[in-house]
$ cat model26.pdb   # PDB, C-alpha atoms and all ligand atoms
ATOM      1  CA  MET A 447     -17.623 -30.430 -51.710
ATOM      2  CA  ALA A 448     -14.061 -29.213 -51.199
ATOM      3  CA  VAL A 449     -11.903 -31.684 -49.328
ATOM      4  CA  ARG A 450     -10.379 -30.166 -46.228
ATOM      5  CA  LYS A 451      -6.632 -30.580 -46.071
ATOM      6  CA  THR A 452      -5.488 -32.592 -43.070
ATOM      7  CA  TYR A 453      -2.530 -31.658 -40.914
ATOM      8  CA  ASN A 454      -0.418 -33.546 -38.400
ATOM      9  CA  SER A 455      -0.682 -30.716 -35.915
ATOM     10  CA  ILE A 456      -2.324 -27.358 -35.393
ATOM     11  CA  GLU A 457       1.102 -25.723 -35.662
ATOM     12  CA  GLU A 458       1.513 -27.221 -39.151
ATOM     13  CA  GLU A 459      -1.883 -25.835 -40.139
ATOM     14  CA  ILE A 460      -0.923 -22.372 -38.884
ATOM     15  CA  LEU A 461       2.318 -22.471 -40.838
ATOM     16  CA  ASP A 462       0.447 -23.374 -44.007
ATOM     17  CA  LEU A 463      -2.160 -20.636 -43.499
ATOM     18  CA  LYS A 464       0.548 -18.115 -42.740
ATOM     19  CA  ARG A 465       2.222 -18.881 -46.056
ATOM     20  CA  LYS A 466      -1.077 -18.701 -47.910
ATOM     21  CA  ARG A 467      -1.964 -15.323 -46.403
ATOM     22  CA  ASN A 468       1.570 -13.929 -46.496
ATOM     23  CA  ALA A 469       1.082 -13.202 -42.814
ATOM     24  CA  VAL A 470       3.432 -12.459 -39.961
ATOM     25  CA  ILE A 471       2.556 -13.447 -36.395
ATOM     26  CA  LEU A 472       3.613 -11.078 -33.625
ATOM     27  CA  ALA A 473       3.253 -12.232 -30.025
ATOM     28  CA  HIS A 474       3.661 -10.315 -26.802
ATOM     29  CA  ASN A 475       5.820 -11.841 -24.052
ATOM     30  CA  TYR A 476       2.661 -12.474 -21.977
ATOM     31  CA  GLN A 477       1.037 -14.799 -24.537
ATOM     32  CA  VAL A 478       0.602 -18.496 -23.786
ATOM     33  CA  GLY A 479       3.723 -20.535 -24.612
ATOM     34  CA  GLU A 480       2.215 -22.285 -27.684
ATOM     35  CA  ILE A 481       1.538 -18.922 -29.317
ATOM     36  CA  GLN A 482       5.010 -17.618 -28.522
ATOM     37  CA  ASP A 483       6.408 -20.785 -30.123
ATOM     38  CA  ILE A 484       4.602 -20.324 -33.461
ATOM     39  CA  ALA A 485       5.147 -16.544 -33.619
ATOM     40  CA  ASP A 486       7.608 -14.967 -36.027
ATOM     41  CA  PHE A 487       8.520 -12.429 -33.361
ATOM     42  CA  THR A 488       7.900 -12.412 -29.628
ATOM     43  CA  GLY A 489       8.735  -9.293 -27.698
ATOM     44  CA  ASP A 490       7.691  -6.215 -25.746
ATOM     45  CA  SER A 491       5.420  -3.437 -26.945
ATOM     46  CA  LEU A 492       8.230  -1.465 -28.571
ATOM     47  CA  ARG A 493       9.854  -4.382 -30.375
ATOM     48  CA  LEU A 494       6.503  -5.567 -31.739
ATOM     49  CA  ALA A 495       5.619  -2.088 -32.993
ATOM     50  CA  GLN A 496       9.021  -1.936 -34.709
ATOM     51  CA  GLU A 497       8.523  -5.365 -36.283
ATOM     52  CA  ALA A 498       5.059  -4.337 -37.498
ATOM     53  CA  LYS A 499       6.562  -1.277 -39.158
ATOM     54  CA  LYS A 500       9.339  -3.313 -40.806
ATOM     55  CA  THR A 501       7.382  -6.256 -42.152
ATOM     56  CA  ASP A 502       6.609  -6.781 -45.831
ATOM     57  CA  ALA A 503       3.836  -9.275 -45.026
ATOM     58  CA  ASP A 504       0.314  -8.383 -46.191
ATOM     59  CA  VAL A 505      -1.307  -9.491 -42.953
ATOM     60  CA  ILE A 506      -0.168  -8.880 -39.380
ATOM     61  CA  LEU A 507      -1.739 -11.231 -36.865
ATOM     62  CA  PHE A 508      -1.203  -9.530 -33.526
ATOM     63  CA  CYS A 509      -1.339 -11.865 -30.552
ATOM     64  CA  GLY A 510      -1.469  -9.505 -27.627
ATOM     65  CA  VAL A 511      -4.174  -7.065 -26.578
ATOM     66  CA  HIS A 512      -6.245  -4.566 -28.520
ATOM     67  CA  PHE A 513      -4.149  -1.394 -28.081
ATOM     68  CA  MET A 514      -1.102  -3.236 -29.474
ATOM     69  CA  ALA A 515      -2.965  -4.128 -32.669
ATOM     70  CA  GLU A 516      -4.227  -0.553 -32.898
ATOM     71  CA  THR A 517      -0.648   0.692 -32.671
ATOM     72  CA  ALA A 518       0.309  -1.667 -35.512
ATOM     73  CA  SER A 519      -2.627  -0.373 -37.568
ATOM     74  CA  ILE A 520      -1.540   3.232 -36.941
ATOM     75  CA  LEU A 521       2.029   2.417 -37.992
ATOM     76  CA  CYS A 522       1.026   0.321 -41.020
ATOM     77  CA  PRO A 523      -2.246   1.716 -42.400
ATOM     78  CA  GLU A 524      -1.825  -0.241 -45.629
ATOM     79  CA  LYS A 525      -1.704  -3.640 -43.890
ATOM     80  CA  LYS A 526      -4.485  -5.862 -42.667
ATOM     81  CA  VAL A 527      -4.044  -6.116 -38.892
ATOM     82  CA  LEU A 528      -5.881  -9.011 -37.250
ATOM     83  CA  VAL A 529      -6.372 -10.171 -33.672
ATOM     84  CA  PRO A 530      -7.429 -13.671 -32.614
ATOM     85  CA  ASP A 531      -9.997 -12.306 -30.139
ATOM     86  CA  MET A 532     -11.561  -8.862 -30.288
ATOM     87  CA  GLU A 533     -12.434  -9.027 -26.569
ATOM     88  CA  ALA A 534      -8.777  -9.087 -25.515
ATOM     89  CA  GLY A 535      -8.542  -5.557 -24.168
ATOM     90  CA  CYS A 536      -6.502  -3.812 -21.474
ATOM     91  CA  SER A 537      -7.952  -2.578 -18.165
ATOM     92  CA  LEU A 538      -5.092  -0.113 -17.757
ATOM     93  CA  ALA A 539      -5.697   1.426 -21.203
ATOM     94  CA  ASP A 540      -9.392   1.808 -20.302
ATOM     95  CA  MET A 541      -8.548   3.907 -17.237
ATOM     96  CA  VAL A 542      -8.003   7.108 -19.183
ATOM     97  CA  ARG A 543     -10.334   8.597 -21.795
ATOM     98  CA  PRO A 544      -9.638  11.158 -24.500
ATOM     99  CA  GLY A 545     -11.889  13.680 -22.687
ATOM    100  CA  ASP A 546      -9.677  13.405 -19.571
ATOM    101  CA  VAL A 547      -6.629  14.410 -21.589
ATOM    102  CA  ARG A 548      -8.495  17.231 -23.342
ATOM    103  CA  ALA A 549      -9.722  18.608 -19.996
ATOM    104  CA  TRP A 550      -6.161  18.638 -18.608
ATOM    105  CA  LYS A 551      -4.864  20.399 -21.719
ATOM    106  CA  GLU A 552      -7.555  23.051 -21.428
ATOM    107  CA  LYS A 553      -6.347  23.800 -17.904
ATOM    108  CA  ASN A 554      -2.680  23.514 -18.905
ATOM    109  CA  PRO A 555      -2.416  24.934 -22.420
ATOM    110  CA  ASP A 556       1.407  24.859 -22.309
ATOM    111  CA  GLY A 557       1.529  21.403 -20.746
ATOM    112  CA  VAL A 558       2.775  18.274 -22.461
ATOM    113  CA  VAL A 559       0.957  14.942 -22.337
ATOM    114  CA  VAL A 560       2.992  11.736 -22.386
ATOM    115  CA  CYS A 561       0.916   8.620 -22.894
ATOM    116  CA  TYR A 562       2.073   5.100 -22.205
ATOM    117  CA  VAL A 563       1.556   2.851 -25.232
ATOM    118  CA  ASN A 564      -1.168   1.102 -23.165
ATOM    119  CA  THR A 565      -3.781   3.633 -24.322
ATOM    120  CA  SER A 566      -6.481   3.737 -26.990
ATOM    121  CA  ALA A 567      -5.825   5.381 -30.365
ATOM    122  CA  GLU A 568      -8.195   8.179 -29.252
ATOM    123  CA  VAL A 569      -6.045   8.962 -26.201
ATOM    124  CA  LYS A 570      -2.873   8.814 -28.284
ATOM    125  CA  ALA A 571      -4.448  11.299 -30.687
ATOM    126  CA  GLU A 572      -4.811  13.791 -27.799
ATOM    127  CA  SER A 573      -1.254  13.230 -26.530
ATOM    128  CA  ASP A 574       2.057  14.854 -27.441
ATOM    129  CA  TYR A 575       4.395  11.925 -26.866
ATOM    130  CA  CYS A 576       3.942   8.184 -26.622
ATOM    131  CA  CYS A 577       6.279   5.908 -24.674
ATOM    132  CA  THR A 578       6.724   2.276 -23.729
ATOM    133  CA  SER A 579       8.142   0.820 -20.536
ATOM    134  CA  SER A 580      11.553   0.540 -22.213
ATOM    135  CA  ASN A 581      11.860   4.195 -23.231
ATOM    136  CA  ALA A 582       9.599   6.260 -20.931
ATOM    137  CA  GLN A 583      12.565   7.811 -19.140
ATOM    138  CA  LYS A 584      14.264   8.859 -22.391
ATOM    139  CA  VAL A 585      11.042  10.325 -23.738
ATOM    140  CA  VAL A 586      10.456  12.407 -20.596
ATOM    141  CA  GLU A 587      14.103  13.533 -20.555
ATOM    142  CA  SER A 588      13.716  14.829 -24.106
ATOM    143  CA  ILE A 589      10.972  17.267 -23.070
ATOM    144  CA  PRO A 590      12.184  20.787 -22.139
ATOM    145  CA  ALA A 591      12.608  21.101 -18.359
ATOM    146  CA  ASP A 592      10.257  24.094 -18.057
ATOM    147  CA  LYS A 593       7.284  22.155 -19.415
ATOM    148  CA  LYS A 594       4.656  20.737 -17.117
ATOM    149  CA  ILE A 595       3.941  17.093 -17.926
ATOM    150  CA  LEU A 596       0.891  14.902 -17.530
ATOM    151  CA  PHE A 597       1.755  11.198 -17.639
ATOM    152  CA  VAL A 598      -1.118   8.776 -18.441
ATOM    153  CA  PRO A 599      -2.378   6.268 -17.488
ATOM    154  CA  ASP A 600       0.049   4.150 -15.417
ATOM    155  CA  TYR A 601       0.753   5.674 -12.013
ATOM    156  CA  PHE A 602       3.576   3.254 -11.190
ATOM    157  CA  LEU A 603       5.533   3.653 -14.412
ATOM    158  CA  GLY A 604       4.998   7.405 -13.989
ATOM    159  CA  THR A 605       6.334   7.241 -10.417
ATOM    160  CA  TYR A 606       9.414   5.361 -11.607
ATOM    161  CA  VAL A 607      10.101   7.842 -14.403
ATOM    162  CA  LYS A 608       9.593  10.777 -12.065
ATOM    163  CA  GLU A 609      12.079   9.285  -9.622
ATOM    164  CA  GLN A 610      14.636   8.504 -12.359
ATOM    165  CA  THR A 611      14.441  11.894 -14.039
ATOM    166  CA  GLY A 612      13.988  14.004 -10.902
ATOM    167  CA  ARG A 613      11.235  15.804 -12.799
ATOM    168  CA  LYS A 614       9.226  17.966 -10.390
ATOM    169  CA  ASP A 615       6.398  19.322 -12.509
ATOM    170  CA  MET A 616       4.953  15.996 -13.565
ATOM    171  CA  GLU A 617       1.384  14.983 -12.803
ATOM    172  CA  LEU A 618       0.589  11.288 -12.724
ATOM    173  CA  TRP A 619      -2.705   9.739 -13.726
ATOM    174  CA  ARG A 620      -3.941   7.174 -11.194
ATOM    175  CA  GLY A 621      -4.296   4.221 -13.574
ATOM    176  CA  TYR A 622      -2.849   0.792 -12.848
ATOM    177  CA  CYS A 623      -2.586  -2.688 -14.298
ATOM    178  CA  PRO A 624      -4.748  -5.049 -12.181
ATOM    179  CA  THR A 625      -2.445  -7.990 -13.001
ATOM    180  CA  HIS A 626       0.629  -6.170 -11.742
ATOM    181  CA  THR A 627      -1.158  -5.190  -8.508
ATOM    182  CA  MET A 628      -1.321  -8.895  -7.641
ATOM    183  CA  ILE A 629       2.420  -8.763  -7.030
ATOM    184  CA  GLN A 630       2.826  -7.853  -3.365
ATOM    185  CA  SER A 631       5.945  -6.558  -1.660
ATOM    186  CA  SER A 632       5.389  -8.900   1.318
ATOM    187  CA  ALA A 633       5.658 -11.918  -1.038
ATOM    188  CA  ILE A 634       8.783 -10.436  -2.606
ATOM    189  CA  ASP A 635      10.360 -10.031   0.843
ATOM    190  CA  VAL A 636       9.717 -13.723   1.585
ATOM    191  CA  LEU A 637      11.092 -14.870  -1.795
ATOM    192  CA  ARG A 638      14.214 -12.753  -1.408
ATOM    193  CA  GLU A 639      14.846 -14.310   1.955
ATOM    194  CA  GLU A 640      14.294 -17.832   0.624
ATOM    195  CA  HIS A 641      16.523 -17.209  -2.416
ATOM    196  CA  PRO A 642      19.329 -14.923  -1.231
ATOM    197  CA  GLY A 643      21.392 -15.515  -4.400
ATOM    198  CA  ALA A 644      18.551 -14.647  -6.774
ATOM    199  CA  GLU A 645      18.442 -11.446  -8.778
ATOM    200  CA  PHE A 646      15.167  -9.581  -8.477
ATOM    201  CA  LEU A 647      13.763  -8.050 -11.672
ATOM    202  CA  MET A 648      10.724  -5.820 -11.648
ATOM    203  CA  HIS A 649       8.430  -4.427 -14.344
ATOM    204  CA  PRO A 650       7.650  -0.727 -13.768
ATOM    205  CA  GLU A 651       3.882  -1.433 -13.888
ATOM    206  CA  CYS A 652       4.137  -3.322 -10.561
ATOM    207  CA  GLY A 653       1.761  -1.962  -7.931
ATOM    208  CA  CYS A 654       4.343  -2.579  -5.229
ATOM    209  CA  LEU A 655       6.922  -0.484  -7.066
ATOM    210  CA  THR A 656       6.570   2.427  -4.673
ATOM    211  CA  ARG A 657       7.623   0.172  -1.783
ATOM    212  CA  SER A 658       9.966  -2.320  -3.448
ATOM    213  CA  MET A 659      11.619  -0.304  -6.240
ATOM    214  CA  HIS A 660      14.826   0.171  -4.254
ATOM    215  CA  LEU A 661      15.151  -3.564  -3.650
ATOM    216  CA  ALA A 662      15.071  -4.456  -7.350
ATOM    217  CA  ASP A 663      18.333  -5.334  -9.067
ATOM    218  CA  LYS A 664      16.804  -4.031 -12.296
ATOM    219  CA  ILE A 665      13.551  -2.392 -13.363
ATOM    220  CA  LEU A 666      12.974  -3.355 -16.971
ATOM    221  CA  SER A 667      10.457  -3.806 -19.769
ATOM    222  CA  THR A 668       9.530  -7.410 -20.550
ATOM    223  CA  GLU A 669      12.055  -7.600 -23.397
ATOM    224  CA  GLY A 670      14.669  -5.947 -21.194
ATOM    225  CA  MET A 671      14.116  -8.727 -18.656
ATOM    226  CA  VAL A 672      14.370 -11.497 -21.272
ATOM    227  CA  ARG A 673      17.668 -10.037 -22.482
ATOM    228  CA  TYR A 674      19.016  -9.396 -18.986
ATOM    229  CA  VAL A 675      18.559 -12.959 -17.703
ATOM    230  CA  GLN A 676      20.448 -14.298 -20.720
ATOM    231  CA  GLU A 677      23.421 -12.076 -20.060
ATOM    232  CA  SER A 678      23.512 -12.260 -16.261
ATOM    233  CA  HIS A 679      25.783 -14.778 -14.495
ATOM    234  CA  ALA A 680      23.174 -15.347 -11.761
ATOM    235  CA  LYS A 681      21.501 -18.735 -11.662
ATOM    236  CA  GLU A 682      18.200 -17.723 -10.013
ATOM    237  CA  PHE A 683      15.839 -14.872 -10.711
ATOM    238  CA  ILE A 684      12.693 -13.537  -9.043
ATOM    239  CA  ILE A 685      10.520 -12.134 -11.804
ATOM    240  CA  ALA A 686       7.928  -9.496 -10.937
ATOM    241  CA  THR A 687       5.637  -9.295 -13.952
ATOM    242  CA  GLU A 688       2.956 -11.297 -15.781
ATOM    243  CA  THR A 689       3.855 -14.989 -15.718
ATOM    244  CA  GLY A 690       3.741 -15.523 -19.520
ATOM    245  CA  ILE A 691       7.282 -14.168 -19.682
ATOM    246  CA  LEU A 692       8.628 -17.226 -17.847
ATOM    247  CA  HIS A 693       8.060 -19.424 -20.912
ATOM    248  CA  ARG A 694      10.748 -17.789 -23.021
ATOM    249  CA  MET A 695      13.089 -17.302 -20.092
ATOM    250  CA  ARG A 696      12.974 -21.011 -19.233
ATOM    251  CA  GLN A 697      13.240 -22.075 -22.859
ATOM    252  CA  GLN A 698      16.276 -19.908 -23.532
ATOM    253  CA  ASN A 699      18.070 -20.551 -20.223
ATOM    254  CA  PRO A 700      17.706 -24.220 -19.273
ATOM    255  CA  GLY A 701      20.394 -23.979 -16.573
ATOM    256  CA  LYS A 702      18.710 -21.106 -14.722
ATOM    257  CA  THR A 703      15.740 -20.978 -12.337
ATOM    258  CA  PHE A 704      12.940 -18.438 -12.672
ATOM    259  CA  ILE A 705      10.616 -17.762  -9.761
ATOM    260  CA  PRO A 706       7.465 -15.724 -10.337
ATOM    261  CA  ALA A 707       7.016 -12.998  -7.719
ATOM    262  CA  SER A 708       3.342 -13.993  -7.891
ATOM    263  CA  ALA A 709       2.030 -17.102  -9.642
ATOM    264  CA  GLN A 710      -1.383 -15.349  -9.717
ATOM    265  CA  ALA A 711      -0.120 -12.528 -11.898
ATOM    266  CA  THR A 712      -1.722 -13.680 -15.134
ATOM    267  CA  CYS A 713      -3.570 -11.314 -17.451
ATOM    268  CA  THR A 714      -6.964 -12.742 -18.410
ATOM    269  CA  TYR A 715      -7.021 -10.659 -21.590
ATOM    270  CA  MET A 716      -3.598 -11.813 -22.770
ATOM    271  CA  LYS A 717      -4.607 -15.407 -22.172
ATOM    272  CA  MET A 718      -7.768 -15.154 -24.301
ATOM    273  CA  ASN A 719      -5.746 -15.893 -27.439
ATOM    274  CA  THR A 720      -5.369 -19.576 -28.329
ATOM    275  CA  LEU A 721      -3.912 -21.576 -31.220
ATOM    276  CA  GLU A 722      -7.460 -22.425 -32.377
ATOM    277  CA  LYS A 723      -8.318 -18.728 -32.572
ATOM    278  CA  VAL A 724      -5.074 -18.126 -34.492
ATOM    279  CA  VAL A 725      -6.219 -20.703 -37.089
ATOM    280  CA  ASP A 726      -9.636 -19.037 -37.366
ATOM    281  CA  ALA A 727      -8.080 -15.603 -37.692
ATOM    282  CA  LEU A 728      -5.841 -16.656 -40.581
ATOM    283  CA  GLU A 729      -8.481 -18.780 -42.266
ATOM    284  CA  LYS A 730     -11.325 -16.241 -42.099
ATOM    285  CA  LEU A 731      -9.139 -13.118 -42.016
ATOM    286  CA  GLN A 732     -10.805 -12.023 -38.769
ATOM    287  CA  TYR A 733     -10.922  -9.893 -36.582
ATOM    288  CA  GLU A 734      -9.606  -6.808 -38.251
ATOM    289  CA  VAL A 735      -8.425  -3.834 -36.178
ATOM    290  CA  LYS A 736      -8.459  -0.765 -38.382
ATOM    291  CA  VAL A 737      -7.949   2.711 -36.964
ATOM    292  CA  PRO A 738      -9.853   5.221 -39.145
ATOM    293  CA  GLU A 739      -7.499   7.312 -41.265
ATOM    294  CA  ALA A 740      -8.090  10.739 -39.686
ATOM    295  CA  LEU A 741      -7.682   9.346 -36.170
ATOM    296  CA  ALA A 742      -4.648   7.270 -37.173
ATOM    297  CA  LYS A 743      -2.918  10.382 -38.552
ATOM    298  CA  ARG A 744      -3.300  12.197 -35.226
ATOM    299  CA  ALA A 745      -2.398   9.154 -33.139
ATOM    300  CA  TYR A 746       0.712   8.595 -35.269
ATOM    301  CA  LEU A 747       2.337  11.892 -34.217
ATOM    302  CA  PRO A 748       3.155  10.978 -30.577
ATOM    303  CA  ILE A 749       4.347   7.537 -31.707
ATOM    304  CA  LYS A 750       6.555   9.090 -34.387
ATOM    305  CA  ARG A 751       8.075  11.437 -31.783
ATOM    306  CA  MET A 752       8.822   8.447 -29.551
ATOM    307  CA  ILE A 753      10.438   6.515 -32.416
ATOM    308  CA  GLU A 754      12.595   9.536 -33.290
ATOM    309  CA  ILE A 755      13.774   9.828 -29.679
ATOM    310  CA  VAL A 756      14.725   6.168 -29.325
TER     311      VAL A 756
HETATM  312  P1  LIG B 801       6.291  -4.232 -22.191
HETATM  313  O1  LIG B 801       6.163  -5.573 -22.814
HETATM  314  O2  LIG B 801       6.474  -3.164 -23.218
HETATM  315  O3  LIG B 801       7.298  -4.201 -21.107
HETATM  316  O4  LIG B 801       4.920  -3.863 -21.466
HETATM  317  C1  LIG B 801       4.083  -4.800 -21.008
HETATM  318  C2  LIG B 801       2.707  -4.289 -21.043
HETATM  319  O5  LIG B 801       2.507  -3.135 -21.015
HETATM  320  C3  LIG B 801       1.584  -5.141 -21.109
HETATM  321  O6  LIG B 801       0.501  -4.509 -20.534
END

$ encode --input "model26.pdb" --output "structure tokens"
Amino acid sequence: MAVRKTYNSIEEEILDLKRKRNAVILAHNYQVGEIQDIADFTGDSLRLAQEAKKTDADVILFCGVHFMAETASILCPEKKVLVPDMEAGCSLADMVRPGDVRAWKEKNPDGVVVCYVNTSAEVKAESDYCCTSSNAQKVVESIPADKKILFVPDYFLGTYVKEQTGRKDMELWRGYCPTHTMIQSSAIDVLREEHPGAEFLMHPECGCLTRSMHLADKILSTEGMVRYVQESHAKEFIIATETGILHRMRQQNPGKTFIPASAQATCTYMKMNTLEKVVDALEKLQYEVKVPEALAKRAYLPIKRMIEIV
């Protein structure tokens, strides 16, 4: 019987397996702290997609949610893309189906569909442009002004982009992130009163965006927030997004205080990934996310357009 190698820690085991598999670990900013700490790259949806495209590893272990791994598979069809838990999905991505987009396009043959990266590969394949929270405005601005736009699926990011661009002919899908709806403007009002010196940063998926957008010092993607707090001279920050982001902020800025706008804003799907599941994934090369070639080719087009714009 083969003797199982022993390790001093689970992190050491992961490092060894990573070497053996020539794997890279990508972690979204909402992952649990231990996963962020062992990842090769932690970042927002755009940064992780870029890292996936750049890597020369054979295996990409994507610690995030399903649509993120799908995006990596679309960008790197030759790589093995794994996730620690196949059940880690995204409620927001599930709120729009490919048939919804097709039906809109039938009614609006000259219209343009912009899909947030939080969508399935099938929805991307029906869309004209993809975007992330860090580039949605730029993507919309690049579309000729006379074109009617449908923005799917996040209503709040769509509202923000519409406001920023002044775009009139832009329909917004009514999807939302349940985690970001836990962040209430009444709680933000209280926190701002209690911490008058704090800067208030908001993710554009926040359900209270329509009411509190004008109070925010900055509206940023998760990576934009991580960067901003490092550069800002403020000592206190109110952070309106999923709480996983606080880990890196606190680690990188020991002299600063980070207050979650809602301590309840945790994404159950993001938190399904654990170090134990990371070990299993690398050991057994499971669970593979592979977008079928024909679908991947169609879904790649809107992503490619986004990458060219940014
Ligand atoms: P970013 O990390 O790109 O800001 O987006 C977060 C997200 O969409 C998770 O659902």

$ residues_near_ligand --input "model26.pdb" --ligand "ligand LIG 801 (chain B)" --cutoff "7 Å" --atoms "only C-alpha atoms and all ligand atoms" --output "PDB file with C-alpha atoms, in the coordinates of the input"
ATOM      1  CA  HIS A 474       3.661 -10.315 -26.802  1.00  0.00           C
ATOM      2  CA  ASN A 475       5.820 -11.841 -24.052  1.00  0.00           C
ATOM      3  CA  GLY A 489       8.735  -9.293 -27.698  1.00  0.00           C
ATOM      4  CA  ASP A 490       7.691  -6.215 -25.746  1.00  0.00           C
ATOM      5  CA  SER A 491       5.420  -3.437 -26.945  1.00  0.00           C
ATOM      6  CA  LEU A 492       8.230  -1.465 -28.571  1.00  0.00           C
ATOM      7  CA  ASN A 564      -1.168   1.102 -23.165  1.00  0.00           C
ATOM      8  CA  THR A 578       6.724   2.276 -23.729  1.00  0.00           C
ATOM      9  CA  SER A 579       8.142   0.820 -20.536  1.00  0.00           C
ATOM     10  CA  SER A 580      11.553   0.540 -22.213  1.00  0.00           C
ATOM     11  CA  HIS A 649       8.430  -4.427 -14.344  1.00  0.00           C
ATOM     12  CA  SER A 667      10.457  -3.806 -19.769  1.00  0.00           C
ATOM     13  CA  THR A 668       9.530  -7.410 -20.550  1.00  0.00           C
ATOM     14  CA  GLU A 669      12.055  -7.600 -23.397  1.00  0.00           C
TER      15      GLU A 669
END

$ residues_around --input "model26.pdb" --residues "Asn554 (chain A)" --least-positions-apart "3" --cutoff "12 Å" --atoms "only C-alpha atoms" --output "count of residues only"
15

$ closest_residue --input "model26.pdb" --among "A:Ile755, A:Val675, A:Ala503, A:Val449" --to "Gln583 (chain A)" --atoms "all atoms listed in the file"
A:Ile755

$ atom_distance --input "model26.pdb" --atom1 "CA of Glu609 (chain A)" --atom2 "CA of Glu645 (chain A)"
21.7 Å

$ atom_distance --input "model26.pdb" --atom1 "CA of Glu516 (chain A)" --atom2 "CA of Leu463 (chain A)"
22.8 Å

$ atom_distance --input "model26.pdb" --atom1 "CA of Ser573 (chain A)" --atom2 "CA of Pro748 (chain A)"
6.4 Å

$ closest_residue --input "model26.pdb" --among "A:Leu731, A:Glu552, A:Arg657, A:Leu721" --to "Ser455 (chain A)" --atoms "only C-alpha atoms"
A:Leu721

$ residues_near_point --input "model26.pdb" --point "(-3.3, -25.0, -42.8)" --cutoff "10 Å" --atoms "all atoms listed in the file" --output "JSON, numbers by chain"
{"A": [450, 451, 452, 453, 455, 456, 457, 458, 459, 460, 461, 462, 463, 464, 465, 466, 725, 728, 729]}

$ resolve_selection --input "model26.pdb" --expression "the PyMOL selection byres (((chain A and resi 488) around 12) and not hetatm)" --output "ChimeraX atom specification"
/A:470-487,489-498,508-510,668-669,672,690-691,693-695

$ write_last_selection --input "model26.pdb" --atoms "C-alpha atoms" --output "PDB file, in the frame of the given file"
ATOM      1  CA  VAL A 470       3.432 -12.459 -39.961  1.00  0.00           C
ATOM      2  CA  ILE A 471       2.556 -13.447 -36.395  1.00  0.00           C
ATOM      3  CA  LEU A 472       3.613 -11.078 -33.625  1.00  0.00           C
ATOM      4  CA  ALA A 473       3.253 -12.232 -30.025  1.00  0.00           C
ATOM      5  CA  HIS A 474       3.661 -10.315 -26.802  1.00  0.00           C
ATOM      6  CA  ASN A 475       5.820 -11.841 -24.052  1.00  0.00           C
ATOM      7  CA  TYR A 476       2.661 -12.474 -21.977  1.00  0.00           C
ATOM      8  CA  GLN A 477       1.037 -14.799 -24.537  1.00  0.00           C
ATOM      9  CA  VAL A 478       0.602 -18.496 -23.786  1.00  0.00           C
ATOM     10  CA  GLY A 479       3.723 -20.535 -24.612  1.00  0.00           C
ATOM     11  CA  GLU A 480       2.215 -22.285 -27.684  1.00  0.00           C
ATOM     12  CA  ILE A 481       1.538 -18.922 -29.317  1.00  0.00           C
ATOM     13  CA  GLN A 482       5.010 -17.618 -28.522  1.00  0.00           C
ATOM     14  CA  ASP A 483       6.408 -20.785 -30.123  1.00  0.00           C
ATOM     15  CA  ILE A 484       4.602 -20.324 -33.461  1.00  0.00           C
ATOM     16  CA  ALA A 485       5.147 -16.544 -33.619  1.00  0.00           C
ATOM     17  CA  ASP A 486       7.608 -14.967 -36.027  1.00  0.00           C
ATOM     18  CA  PHE A 487       8.520 -12.429 -33.361  1.00  0.00           C
ATOM     19  CA  GLY A 489       8.735  -9.293 -27.698  1.00  0.00           C
ATOM     20  CA  ASP A 490       7.691  -6.215 -25.746  1.00  0.00           C
ATOM     21  CA  SER A 491       5.420  -3.437 -26.945  1.00  0.00           C
ATOM     22  CA  LEU A 492       8.230  -1.465 -28.571  1.00  0.00           C
ATOM     23  CA  ARG A 493       9.854  -4.382 -30.375  1.00  0.00           C
ATOM     24  CA  LEU A 494       6.503  -5.567 -31.739  1.00  0.00           C
ATOM     25  CA  ALA A 495       5.619  -2.088 -32.993  1.00  0.00           C
ATOM     26  CA  GLN A 496       9.021  -1.936 -34.709  1.00  0.00           C
ATOM     27  CA  GLU A 497       8.523  -5.365 -36.283  1.00  0.00           C
ATOM     28  CA  ALA A 498       5.059  -4.337 -37.498  1.00  0.00           C
ATOM     29  CA  PHE A 508      -1.203  -9.530 -33.526  1.00  0.00           C
ATOM     30  CA  CYS A 509      -1.339 -11.865 -30.552  1.00  0.00           C
ATOM     31  CA  GLY A 510      -1.469  -9.505 -27.627  1.00  0.00           C
ATOM     32  CA  THR A 668       9.530  -7.410 -20.550  1.00  0.00           C
ATOM     33  CA  GLU A 669      12.055  -7.600 -23.397  1.00  0.00           C
ATOM     34  CA  VAL A 672      14.370 -11.497 -21.272  1.00  0.00           C
ATOM     35  CA  GLY A 690       3.741 -15.523 -19.520  1.00  0.00           C
ATOM     36  CA  ILE A 691       7.282 -14.168 -19.682  1.00  0.00           C
ATOM     37  CA  HIS A 693       8.060 -19.424 -20.912  1.00  0.00           C
ATOM     38  CA  ARG A 694      10.748 -17.789 -23.021  1.00  0.00           C
ATOM     39  CA  MET A 695      13.089 -17.302 -20.092  1.00  0.00           C
TER      40      MET A 695
END

$ closest_residue --input "model26.pdb" --among "A:Tyr562, A:Val735, A:Met752, A:Lys499" --to "Ala515 (chain A)" --atoms "only C-alpha atoms"
A:Val735

$ residues_around --input "model26.pdb" --residues "Val511 (chain A)" --least-positions-apart "2" --cutoff "7 Å" --atoms "all atoms listed in the file" --output "JSON list (two decimals) with C-alpha atoms, in the coordinates of the input"
[["chain", "number", "residue", "atom", "x", "y", "z"],
["A", 509, "CYS", "CA", -1.34, -11.86, -30.55],
["A", 513, "PHE", "CA", -4.15, -1.39, -28.08],
["A", 514, "MET", "CA", -1.10, -3.24, -29.47],
["A", 515, "ALA", "CA", -2.96, -4.13, -32.67],
["A", 534, "ALA", "CA", -8.78, -9.09, -25.52],
["A", 535, "GLY", "CA", -8.54, -5.56, -24.17],
["A", 536, "CYS", "CA", -6.50, -3.81, -21.47],
["A", 715, "TYR", "CA", -7.02, -10.66, -21.59],
["A", 716, "MET", "CA", -3.60, -11.81, -22.77]]
